[in-house]
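Colleague: Provided herewith: structure_13.csv, CSV, N, CA and C atoms.
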chain,number,residue,atom,x,y,z
A,239,MET,N,-10.7,-4.6,17.8
A,239,MET,CA,-11.5,-3.5,17.5
A,239,MET,C,-11.3,-3.1,16.0
A,240,SER,N,-12.4,-2.9,15.3
A,240,SER,CA,-12.3,-2.6,13.9
A,240,SER,C,-12.0,-1.2,13.6
A,241,THR,N,-11.3,-1.0,12.5
A,241,THR,CA,-10.9,0.4,12.0
A,241,THR,C,-12.1,0.9,11.2
A,242,VAL,N,-12.5,2.2,11.5
A,242,VAL,CA,-13.6,2.8,10.7
A,242,VAL,C,-13.0,4.2,10.2
A,243,PRO,N,-12.5,4.2,9.0
A,243,PRO,CA,-11.9,5.4,8.4
A,243,PRO,C,-12.9,6.5,8.3
A,244,GLU,N,-12.5,7.7,8.7
A,244,GLU,CA,-13.4,8.9,8.8
A,244,GLU,C,-13.8,9.4,7.4
A,245,ASN,N,-13.0,9.1,6.3
A,245,ASN,CA,-13.2,9.6,5.0
A,245,ASN,C,-14.3,8.8,4.2
A,246,LEU,N,-14.7,7.7,4.8
A,246,LEU,CA,-15.7,6.8,4.1
A,246,LEU,C,-17.0,7.0,4.7
A,247,ARG,N,-18.0,6.6,3.9
A,247,ARG,CA,-19.4,6.5,4.4
A,247,ARG,C,-19.8,5.0,4.5
A,248,TYR,N,-20.8,4.6,5.2
A,248,TYR,CA,-21.1,3.2,5.5
A,248,TYR,C,-22.6,2.9,5.4
A,249,THR,N,-22.9,1.6,5.3
A,249,THR,CA,-24.2,1.1,5.4
A,249,THR,C,-24.4,0.2,6.6
A,250,GLU,N,-25.6,0.0,7.0
A,250,GLU,CA,-25.9,-0.9,8.1
A,250,GLU,C,-25.5,-2.4,7.8
A,251,THR,N,-25.4,-2.7,6.5
A,251,THR,CA,-25.0,-4.0,6.1
A,251,THR,C,-23.5,-4.2,5.9
A,252,HIS,N,-22.8,-3.2,6.4
A,252,HIS,CA,-21.3,-3.3,6.5
A,252,HIS,C,-20.5,-3.1,5.2
A,253,GLU,N,-21.1,-2.3,4.3
A,253,GLU,CA,-20.3,-1.9,3.1
A,253,GLU,C,-19.8,-0.5,3.3
A,254,TRP,N,-18.7,-0.2,2.8
A,254,TRP,CA,-18.1,1.2,2.8
A,254,TRP,C,-18.2,1.8,1.4
A,255,VAL,N,-18.3,3.2,1.4
A,255,VAL,CA,-18.3,3.9,0.1
A,255,VAL,C,-17.3,5.1,0.2
A,256,GLU,N,-16.5,5.2,-0.8
A,256,GLU,CA,-15.6,6.3,-0.9
A,256,GLU,C,-16.0,7.2,-2.1
A,257,ASN,N,-16.1,8.5,-1.9
A,257,ASN,CA,-16.4,9.4,-3.0
A,257,ASN,C,-15.1,9.7,-3.7
A,258,ILE,N,-14.9,9.2,-4.9
A,258,ILE,CA,-13.7,9.5,-5.6
A,258,ILE,C,-13.8,10.5,-6.7
A,259,GLY,N,-15.0,11.2,-6.7
A,259,GLY,CA,-15.2,12.4,-7.6
A,259,GLY,C,-15.8,12.1,-8.9
A,260,GLY,N,-16.4,13.1,-9.5
A,260,GLY,CA,-17.1,12.9,-10.8
A,260,GLY,C,-18.3,12.0,-10.8
A,261,GLY,N,-19.0,11.9,-9.6
A,261,GLY,CA,-20.1,11.0,-9.6
A,261,GLY,C,-19.7,9.5,-9.5
A,262,ARG,N,-18.4,9.3,-9.1
A,262,ARG,CA,-17.9,7.9,-9.0
A,262,ARG,C,-17.6,7.6,-7.5
A,263,TYR,N,-18.0,6.3,-7.2
A,263,TYR,CA,-17.9,5.9,-5.8
A,263,TYR,C,-17.2,4.5,-5.7
A,264,ARG,N,-16.1,4.4,-4.9
A,264,ARG,CA,-15.5,3.1,-4.7
A,264,ARG,C,-16.2,2.4,-3.6
A,265,VAL,N,-16.4,1.1,-3.7
A,265,VAL,CA,-17.2,0.3,-2.7
A,265,VAL,C,-16.4,-0.9,-2.2
A,266,GLY,N,-16.6,-1.2,-1.0
A,266,GLY,CA,-16.0,-2.5,-0.4
A,266,GLY,C,-16.7,-2.9,0.8
A,267,ILE,N,-16.2,-3.9,1.5
A,267,ILE,CA,-16.8,-4.3,2.8
A,267,ILE,C,-15.9,-3.8,3.9
A,268,THR,N,-16.5,-3.6,5.0
A,268,THR,CA,-15.8,-3.0,6.2
A,268,THR,C,-14.9,-4.0,6.8
A,269,GLU,N,-14.0,-3.5,7.6
A,269,GLU,CA,-13.1,-4.4,8.4
A,269,GLU,C,-14.0,-5.3,9.3
A,270,HIS,N,-15.0,-4.7,9.9
A,270,HIS,CA,-16.0,-5.4,10.8
A,270,HIS,C,-16.6,-6.6,10.0
A,271,ALA,N,-17.0,-6.3,8.8
A,271,ALA,CA,-17.7,-7.4,8.0
A,271,ALA,C,-16.7,-8.6,7.7
A,272,GLN,N,-15.5,-8.3,7.4
A,272,GLN,CA,-14.6,-9.4,7.1
A,272,GLN,C,-14.2,-10.1,8.3
A,273,GLU,N,-14.3,-9.4,9.5
A,273,GLU,CA,-14.0,-10.2,10.8
A,273,GLU,C,-15.2,-11.1,11.0
A,274,LEU,N,-16.4,-10.7,10.8
A,274,LEU,CA,-17.6,-11.6,11.0
A,274,LEU,C,-17.5,-12.8,10.0
A,275,LEU,N,-17.1,-12.5,8.8
A,275,LEU,CA,-17.2,-13.6,7.8
A,275,LEU,C,-16.0,-14.6,7.9
A,276,GLY,N,-14.9,-14.2,8.4
A,276,GLY,CA,-13.7,-15.0,8.5
A,276,GLY,C,-13.0,-15.0,7.2
A,277,ASP,N,-12.1,-16.0,7.0
A,277,ASP,CA,-11.2,-16.0,5.8
A,277,ASP,C,-12.1,-16.2,4.5
A,278,LEU,N,-12.0,-15.1,3.7
A,278,LEU,CA,-12.7,-15.1,2.4
A,278,LEU,C,-12.0,-15.9,1.4
A,279,VAL,N,-12.7,-16.8,0.6
A,279,VAL,CA,-12.1,-17.7,-0.3
A,279,VAL,C,-12.7,-17.5,-1.8
A,280,PHE,N,-13.8,-16.7,-1.9
A,280,PHE,CA,-14.4,-16.5,-3.2
A,280,PHE,C,-15.2,-15.3,-3.2
A,281,VAL,N,-15.2,-14.5,-4.3
A,281,VAL,CA,-16.0,-13.3,-4.5
A,281,VAL,C,-16.7,-13.4,-5.8
A,282,GLU,N,-18.0,-13.3,-5.8
A,282,GLU,CA,-18.8,-13.1,-7.0
A,282,GLU,C,-19.1,-11.6,-7.2
A,283,LEU,N,-18.4,-11.1,-8.2
A,283,LEU,CA,-18.5,-9.6,-8.5
A,283,LEU,C,-19.7,-9.3,-9.4
A,284,PRO,N,-20.3,-8.1,-9.2
A,284,PRO,CA,-21.4,-7.7,-10.1
A,284,PRO,C,-20.8,-7.5,-11.5
A,285,ALA,N,-21.7,-7.4,-12.5
A,285,ALA,CA,-21.3,-7.3,-13.9
A,285,ALA,C,-21.1,-5.8,-14.2
A,286,VAL,N,-19.9,-5.5,-14.9
A,286,VAL,CA,-19.6,-4.2,-15.3
A,286,VAL,C,-20.7,-3.7,-16.3
A,287,GLY,N,-21.2,-2.5,-16.1
A,287,GLY,CA,-22.3,-2.0,-16.9
A,287,GLY,C,-23.7,-2.3,-16.4
A,288,GLY,N,-23.7,-3.1,-15.4
A,288,GLY,CA,-25.0,-3.5,-14.8
A,288,GLY,C,-25.5,-2.4,-13.9
A,289,GLN,N,-26.9,-2.3,-13.8
A,289,GLN,CA,-27.5,-1.4,-12.9
A,289,GLN,C,-27.7,-2.1,-11.6
A,290,ILE,N,-27.4,-1.4,-10.5
A,290,ILE,CA,-27.6,-1.9,-9.2
A,290,ILE,C,-28.5,-0.9,-8.4
A,291,ARG,N,-29.2,-1.4,-7.4
A,291,ARG,CA,-30.1,-0.6,-6.6
A,291,ARG,C,-29.8,-0.8,-5.2
A,292,ALA,N,-29.7,0.4,-4.5
A,292,ALA,CA,-29.3,0.4,-3.1
A,292,ALA,C,-30.1,-0.6,-2.3
A,293,GLY,N,-29.4,-1.4,-1.4
A,293,GLY,CA,-30.1,-2.3,-0.6
A,293,GLY,C,-30.4,-3.7,-1.2
A,294,ASN,N,-30.2,-3.8,-2.5
A,294,ASN,CA,-30.4,-5.1,-3.2
A,294,ASN,C,-29.0,-5.9,-3.3
A,295,PRO,N,-29.1,-7.2,-3.2
A,295,PRO,CA,-27.9,-8.0,-3.4
A,295,PRO,C,-27.3,-7.7,-4.8
A,296,CYS,N,-25.9,-7.7,-4.9
A,296,CYS,CA,-25.3,-7.4,-6.2
A,296,CYS,C,-24.1,-8.3,-6.4
A,297,GLY,N,-23.8,-9.2,-5.4
A,297,GLY,CA,-22.7,-10.1,-5.5
A,297,GLY,C,-22.7,-11.0,-4.3
A,298,VAL,N,-21.7,-11.9,-4.2
A,298,VAL,CA,-21.6,-12.9,-3.1
A,298,VAL,C,-20.2,-13.0,-2.6
A,299,LEU,N,-20.1,-13.1,-1.3
A,299,LEU,CA,-18.8,-13.3,-0.6
A,299,LEU,C,-18.9,-14.6,0.1
A,300,GLU,N,-17.9,-15.5,-0.2
A,300,GLU,CA,-17.8,-16.8,0.4
A,300,GLU,C,-16.6,-16.9,1.2
A,301,SER,N,-16.8,-17.4,2.5
A,301,SER,CA,-15.7,-17.6,3.4
A,301,SER,C,-15.7,-19.1,3.8
A,302,VAL,N,-14.7,-19.4,4.6
A,302,VAL,CA,-14.6,-20.8,5.0
A,302,VAL,C,-15.8,-21.1,6.0
A,303,LYS,N,-16.4,-20.0,6.5
A,303,LYS,CA,-17.5,-20.2,7.4
A,303,LYS,C,-18.9,-20.2,6.7
A,304,ALA,N,-19.1,-19.3,5.8
A,304,ALA,CA,-20.4,-19.1,5.2
A,304,ALA,C,-20.3,-18.3,3.9
A,305,ALA,N,-21.5,-18.2,3.2
A,305,ALA,CA,-21.6,-17.3,2.1
A,305,ALA,C,-22.5,-16.2,2.5
A,306,ALA,N,-22.3,-15.0,2.0
A,306,ALA,CA,-23.1,-13.9,2.4
A,306,ALA,C,-23.3,-13.0,1.1
A,307,ASP,N,-24.5,-12.4,1.0
A,307,ASP,CA,-24.7,-11.5,-0.1
A,307,ASP,C,-23.9,-10.2,0.1
A,308,LEU,N,-23.5,-9.6,-1.0
A,308,LEU,CA,-22.9,-8.3,-1.0
A,308,LEU,C,-24.1,-7.4,-1.4
A,309,TYR,N,-24.4,-6.3,-0.6
A,309,TYR,CA,-25.5,-5.4,-0.9
A,309,TYR,C,-25.0,-4.1,-1.5
A,310,ALA,N,-25.7,-3.6,-2.5
A,310,ALA,CA,-25.4,-2.4,-3.1
A,310,ALA,C,-25.6,-1.3,-2.1
A,311,PRO,N,-24.6,-0.5,-1.8
A,311,PRO,CA,-24.8,0.6,-0.9
A,311,PRO,C,-25.5,1.8,-1.4
A,312,ILE,N,-25.4,2.0,-2.8
A,312,ILE,CA,-26.1,3.1,-3.5
A,312,ILE,C,-26.5,2.5,-4.8
A,313,SER,N,-27.5,3.3,-5.4
A,313,SER,CA,-28.0,2.9,-6.8
A,313,SER,C,-27.1,3.5,-7.8
A,314,GLY,N,-26.9,2.8,-8.9
A,314,GLY,CA,-26.1,3.4,-10.0
A,314,GLY,C,-25.7,2.3,-11.0
A,315,THR,N,-24.7,2.6,-11.8
A,315,THR,CA,-24.2,1.7,-12.8
A,315,THR,C,-22.8,1.3,-12.4
A,316,VAL,N,-22.5,0.0,-12.4
A,316,VAL,CA,-21.2,-0.6,-12.1
A,316,VAL,C,-20.2,-0.2,-13.2
A,317,GLU,N,-19.3,0.6,-12.9
A,317,GLU,CA,-18.3,1.1,-13.9
A,317,GLU,C,-17.1,0.2,-14.0
A,318,GLU,N,-16.7,-0.4,-12.9
A,318,GLU,CA,-15.5,-1.2,-12.8
A,318,GLU,C,-15.6,-2.1,-11.6
A,319,VAL,N,-15.0,-3.3,-11.7
A,319,VAL,CA,-14.9,-4.2,-10.6
A,319,VAL,C,-13.4,-4.6,-10.4
A,320,ASN,N,-13.1,-4.9,-9.2
A,320,ASN,CA,-11.7,-5.3,-8.9
A,320,ASN,C,-11.5,-6.8,-9.3
A,321,GLU,N,-11.1,-7.0,-10.5
A,321,GLU,CA,-11.0,-8.3,-11.1
A,321,GLU,C,-9.9,-9.1,-10.3
A,322,ALA,N,-8.9,-8.4,-9.7
A,322,ALA,CA,-7.8,-9.1,-9.0
A,322,ALA,C,-8.3,-9.9,-7.8
A,323,LEU,N,-9.5,-9.6,-7.3
A,323,LEU,CA,-10.1,-10.3,-6.2
A,323,LEU,C,-10.4,-11.8,-6.5
A,324,GLY,N,-10.6,-12.1,-7.8
A,324,GLY,CA,-10.8,-13.4,-8.2
A,324,GLY,C,-9.7,-14.3,-7.9
A,325,GLU,N,-8.5,-13.8,-8.0
A,325,GLU,CA,-7.3,-14.6,-7.7
A,325,GLU,C,-6.8,-14.3,-6.3
A,326,ASN,N,-7.3,-13.2,-5.7
A,326,ASN,CA,-6.8,-12.8,-4.4
A,326,ASN,C,-7.9,-12.4,-3.4
A,327,PRO,N,-8.9,-13.3,-3.1
A,327,PRO,CA,-10.0,-12.9,-2.2
A,327,PRO,C,-9.5,-12.6,-0.8
A,328,GLN,N,-8.3,-13.0,-0.5
A,328,GLN,CA,-7.7,-12.7,0.9
A,328,GLN,C,-7.5,-11.2,1.1
A,329,TRP,N,-7.4,-10.5,0.0
A,329,TRP,CA,-7.3,-9.0,0.1
A,329,TRP,C,-8.4,-8.4,0.9
A,330,LEU,N,-9.6,-9.0,0.8
A,330,LEU,CA,-10.7,-8.5,1.6
A,330,LEU,C,-10.5,-8.6,3.1
A,331,ASN,N,-9.7,-9.6,3.5
A,331,ASN,CA,-9.3,-9.8,4.9
A,331,ASN,C,-8.1,-8.9,5.2
A,332,GLU,N,-7.1,-8.9,4.3
A,332,GLU,CA,-5.9,-8.3,4.6
A,332,GLU,C,-6.0,-6.7,4.5
A,333,ASP,N,-6.7,-6.2,3.6
A,333,ASP,CA,-6.8,-4.8,3.4
A,333,ASP,C,-8.2,-4.4,2.8
A,334,PRO,N,-9.2,-4.5,3.7
A,334,PRO,CA,-10.6,-4.3,3.2
A,334,PRO,C,-10.9,-2.9,2.7
A,335,HIS,N,-10.1,-1.9,3.2
A,335,HIS,CA,-10.4,-0.5,2.9
A,335,HIS,C,-9.4,0.0,1.8
A,336,GLY,N,-8.5,-0.9,1.3
A,336,GLY,CA,-7.5,-0.6,0.3
A,336,GLY,C,-7.6,-1.4,-0.9
A,337,ARG,N,-6.6,-2.3,-1.1
A,337,ARG,CA,-6.6,-3.1,-2.3
A,337,ARG,C,-7.8,-4.1,-2.3
A,338,GLY,N,-8.5,-4.3,-1.2
A,338,GLY,CA,-9.7,-5.2,-1.2
A,338,GLY,C,-11.0,-4.5,-1.7
A,339,TRP,N,-10.9,-3.3,-2.3
A,339,TRP,CA,-12.1,-2.7,-2.9
A,339,TRP,C,-12.8,-3.6,-3.8
A,340,ILE,N,-14.1,-3.5,-4.0
A,340,ILE,CA,-14.9,-4.4,-4.8
A,340,ILE,C,-15.3,-3.8,-6.1
A,341,MET,N,-15.8,-2.6,-6.1
A,341,MET,CA,-16.3,-2.1,-7.4
A,341,MET,C,-16.3,-0.5,-7.3
A,342,ILE,N,-16.5,0.1,-8.5
A,342,ILE,CA,-16.7,1.5,-8.6
A,342,ILE,C,-18.1,1.7,-9.3
A,343,ILE,N,-18.9,2.5,-8.7
A,343,ILE,CA,-20.2,2.8,-9.2
A,343,ILE,C,-20.3,4.2,-9.6
A,344,ASN,N,-21.0,4.4,-10.8
A,344,ASN,CA,-21.4,5.8,-11.2
A,344,ASN,C,-22.8,6.0,-10.6
A,345,ALA,N,-22.9,7.1,-9.9
A,345,ALA,CA,-24.2,7.4,-9.2
A,345,ALA,C,-24.5,8.9,-9.1
A,346,ASP,N,-25.7,9.2,-8.8
A,346,ASP,CA,-26.0,10.7,-8.6
A,346,ASP,C,-25.2,11.2,-7.4
A,347,ALA,N,-24.9,12.5,-7.4
A,347,ALA,CA,-24.2,13.1,-6.3
A,347,ALA,C,-24.9,12.9,-5.0
A,348,GLY,N,-26.2,12.9,-5.0
A,348,GLY,CA,-27.0,12.7,-3.7
A,348,GLY,C,-26.9,11.3,-3.1
A,349,ALA,N,-26.3,10.4,-3.8
A,349,ALA,CA,-26.2,9.0,-3.3
A,349,ALA,C,-25.4,9.0,-2.0
A,350,TRP,N,-24.4,9.8,-1.8
A,350,TRP,CA,-23.6,9.9,-0.7
A,350,TRP,C,-24.3,10.3,0.6
A,351,ASP,N,-25.4,11.1,0.4
A,351,ASP,CA,-26.1,11.7,1.5
A,351,ASP,C,-26.8,10.8,2.4
A,352,GLY,N,-27.3,9.7,1.9
A,352,GLY,CA,-28.1,8.8,2.7
A,352,GLY,C,-27.3,7.7,3.5
A,353,LEU,N,-25.9,7.8,3.4
A,353,LEU,CA,-25.1,6.8,4.0
A,353,LEU,C,-24.7,7.3,5.4
A,354,LEU,N,-24.2,6.3,6.2
A,354,LEU,CA,-23.8,6.6,7.6
A,354,LEU,C,-22.4,7.2,7.6
A,355,ASP,N,-22.2,8.2,8.5
A,355,ASP,CA,-20.8,8.7,8.7
A,355,ASP,C,-20.1,7.7,9.6
A,356,ALA,N,-18.8,7.9,9.8
A,356,ALA,CA,-17.9,7.0,10.5
A,356,ALA,C,-18.4,6.8,12.0
A,357,ALA,N,-18.8,7.9,12.6
A,357,ALA,CA,-19.3,7.8,14.0
A,357,ALA,C,-20.5,7.0,14.1
A,358,ALA,N,-21.5,7.2,13.2
A,358,ALA,CA,-22.7,6.4,13.3
A,358,ALA,C,-22.5,4.9,13.0
A,359,TYR,N,-21.6,4.6,12.0
A,359,TYR,CA,-21.3,3.3,11.7
A,359,TYR,C,-20.5,2.6,12.9
A,360,ALA,N,-19.6,3.3,13.5
A,360,ALA,CA,-18.8,2.8,14.6
A,360,ALA,C,-19.8,2.3,15.7
A,361,ARG,N,-20.8,3.1,16.0
A,361,ARG,CA,-21.8,2.7,17.0
A,361,ARG,C,-22.5,1.3,16.6
A,362,ILE,N,-22.8,1.2,15.3
A,362,ILE,CA,-23.5,-0.1,14.9
A,362,ILE,C,-22.5,-1.2,15.0
A,363,ALA,N,-21.3,-1.0,14.5
A,363,ALA,CA,-20.3,-2.1,14.5
A,363,ALA,C,-19.6,-2.4,15.8
A,364,GLY,N,-19.9,-1.5,16.8
A,364,GLY,CA,-19.2,-1.7,18.1
A,364,GLY,C,-17.8,-1.4,18.1
A,365,ALA,N,-17.4,-0.5,17.1
A,365,ALA,CA,-15.9,-0.2,17.0
A,365,ALA,C,-15.5,0.9,17.9
How would this structure read if it were set down as structure tokens?
Modeller:
Amino acid sequence: MSTVPENLRYTETHEWVENIGGGRYRVGITEHAQELLGDLVFVELPAVGGQIRAGNPCGVLESVKAAADLYAPISGTVEEVNEALGENPQWLNEDPHGRGWIMIINADAGAWDGLLDAAAYARIAGA
């Protein structure tokens, strides 16, 4: 059974978003997503400074099973990416809500409002 932290918001495509203040949001994939993908072996991160739009692909996750698009959960500017994932893609499996974070996005304060809360996401993910 997947863990669904209460302090995060979620998308139906299994990304999580953490409001870290100042219009900044940390993003990653959910525990459920990494369980579906299997052992992750490669991550294509979005470009720092790039504009991303909610619902559009912004990166790629490759596992031993398949490759899957990473979808932007909110629209904004990519401020930072977790470069360490290049050498440590297994962090997405081992700690998807912690050191396996993918990027930080600068976005409007209202970006948070359209995302699912933990209870709604748990129903989708069957957690």
Colleague: Fewer than 4 positions away in the same chain doesn't count, so skip those; otherwise give me all residues within 6.5 Å of range 340-351 of chain A, counting only N, CA and C atoms, as a list in words.
Modeller: Gly261, Arg262, Tyr263, Arg264, Val265, Gly266, Ile267, Ile312, Ser313, Gly314, Thr315, Val316, Glu317, Glu318, Val319 and Asn320 of chain A
Colleague: If you count only C-alpha atoms, which residues fall within 10 Å of Thr251 in chain A, apart from same-chain ones fewer than 3 positions away, as a PyMOL selection string?
Modeller: chain A and resi 248+254+267-268+271+293+307-311+359+362-363
Colleague: I'd like to know which of A:Ala304, A:Ile258, A:Val242, A:Val281 is closest to Leu323 in chain A, using only C-alpha atoms.
Modeller: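 Selected residue with least distance to Leu323 in chain A: A:Val281.
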Colleague: Would you list, as an MDAnalysis selection string, the residues of chain A that end up in helix (DSSP H, G or I) under DSSP run on this structure's backbone?
Modeller: chainID A and resid 269:275 321:324 329:332 347:352 356:363
Colleague: Between A:Asp333, A:Asp277, A:Asp355, A:Glu300, which one has atoms that come closest to Asn245 in chain A, using all atoms listed in the file?
Modeller: A:Asp355
Colleague: Counting only N, CA and C atoms, which residue out of A:Asn331, A:Arg361, A:Val302, A:Asn326 sits closest to Glu269 in chain A?
Modeller: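 Closest to Glu269 in chain A of all the choices is A:Asn331.
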Colleague: What is the distance, in Å and to one decimal place, between atom C of Asn257 in chain A and atom N of Ala285 in chain A?
Modeller: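 These two atoms are separated by 20.3 Å.
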Colleague: May I have the residues within 10 Å of Ala306 in chain A as number ranges by chain, using only C-alpha atoms and disregarding those fewer than 3 positions away in the same chain?
Modeller: A: 275, 281, 295, 297-301, 303, 309
Colleague: Distance cut-off 6 Å, centre (-9.9, -13.2, -2.9) in file coordinates, counting only N, CA and C atoms: which residues qualify? Return them as a ChimeraX atom specification.
Modeller: /A:278-281,323-330
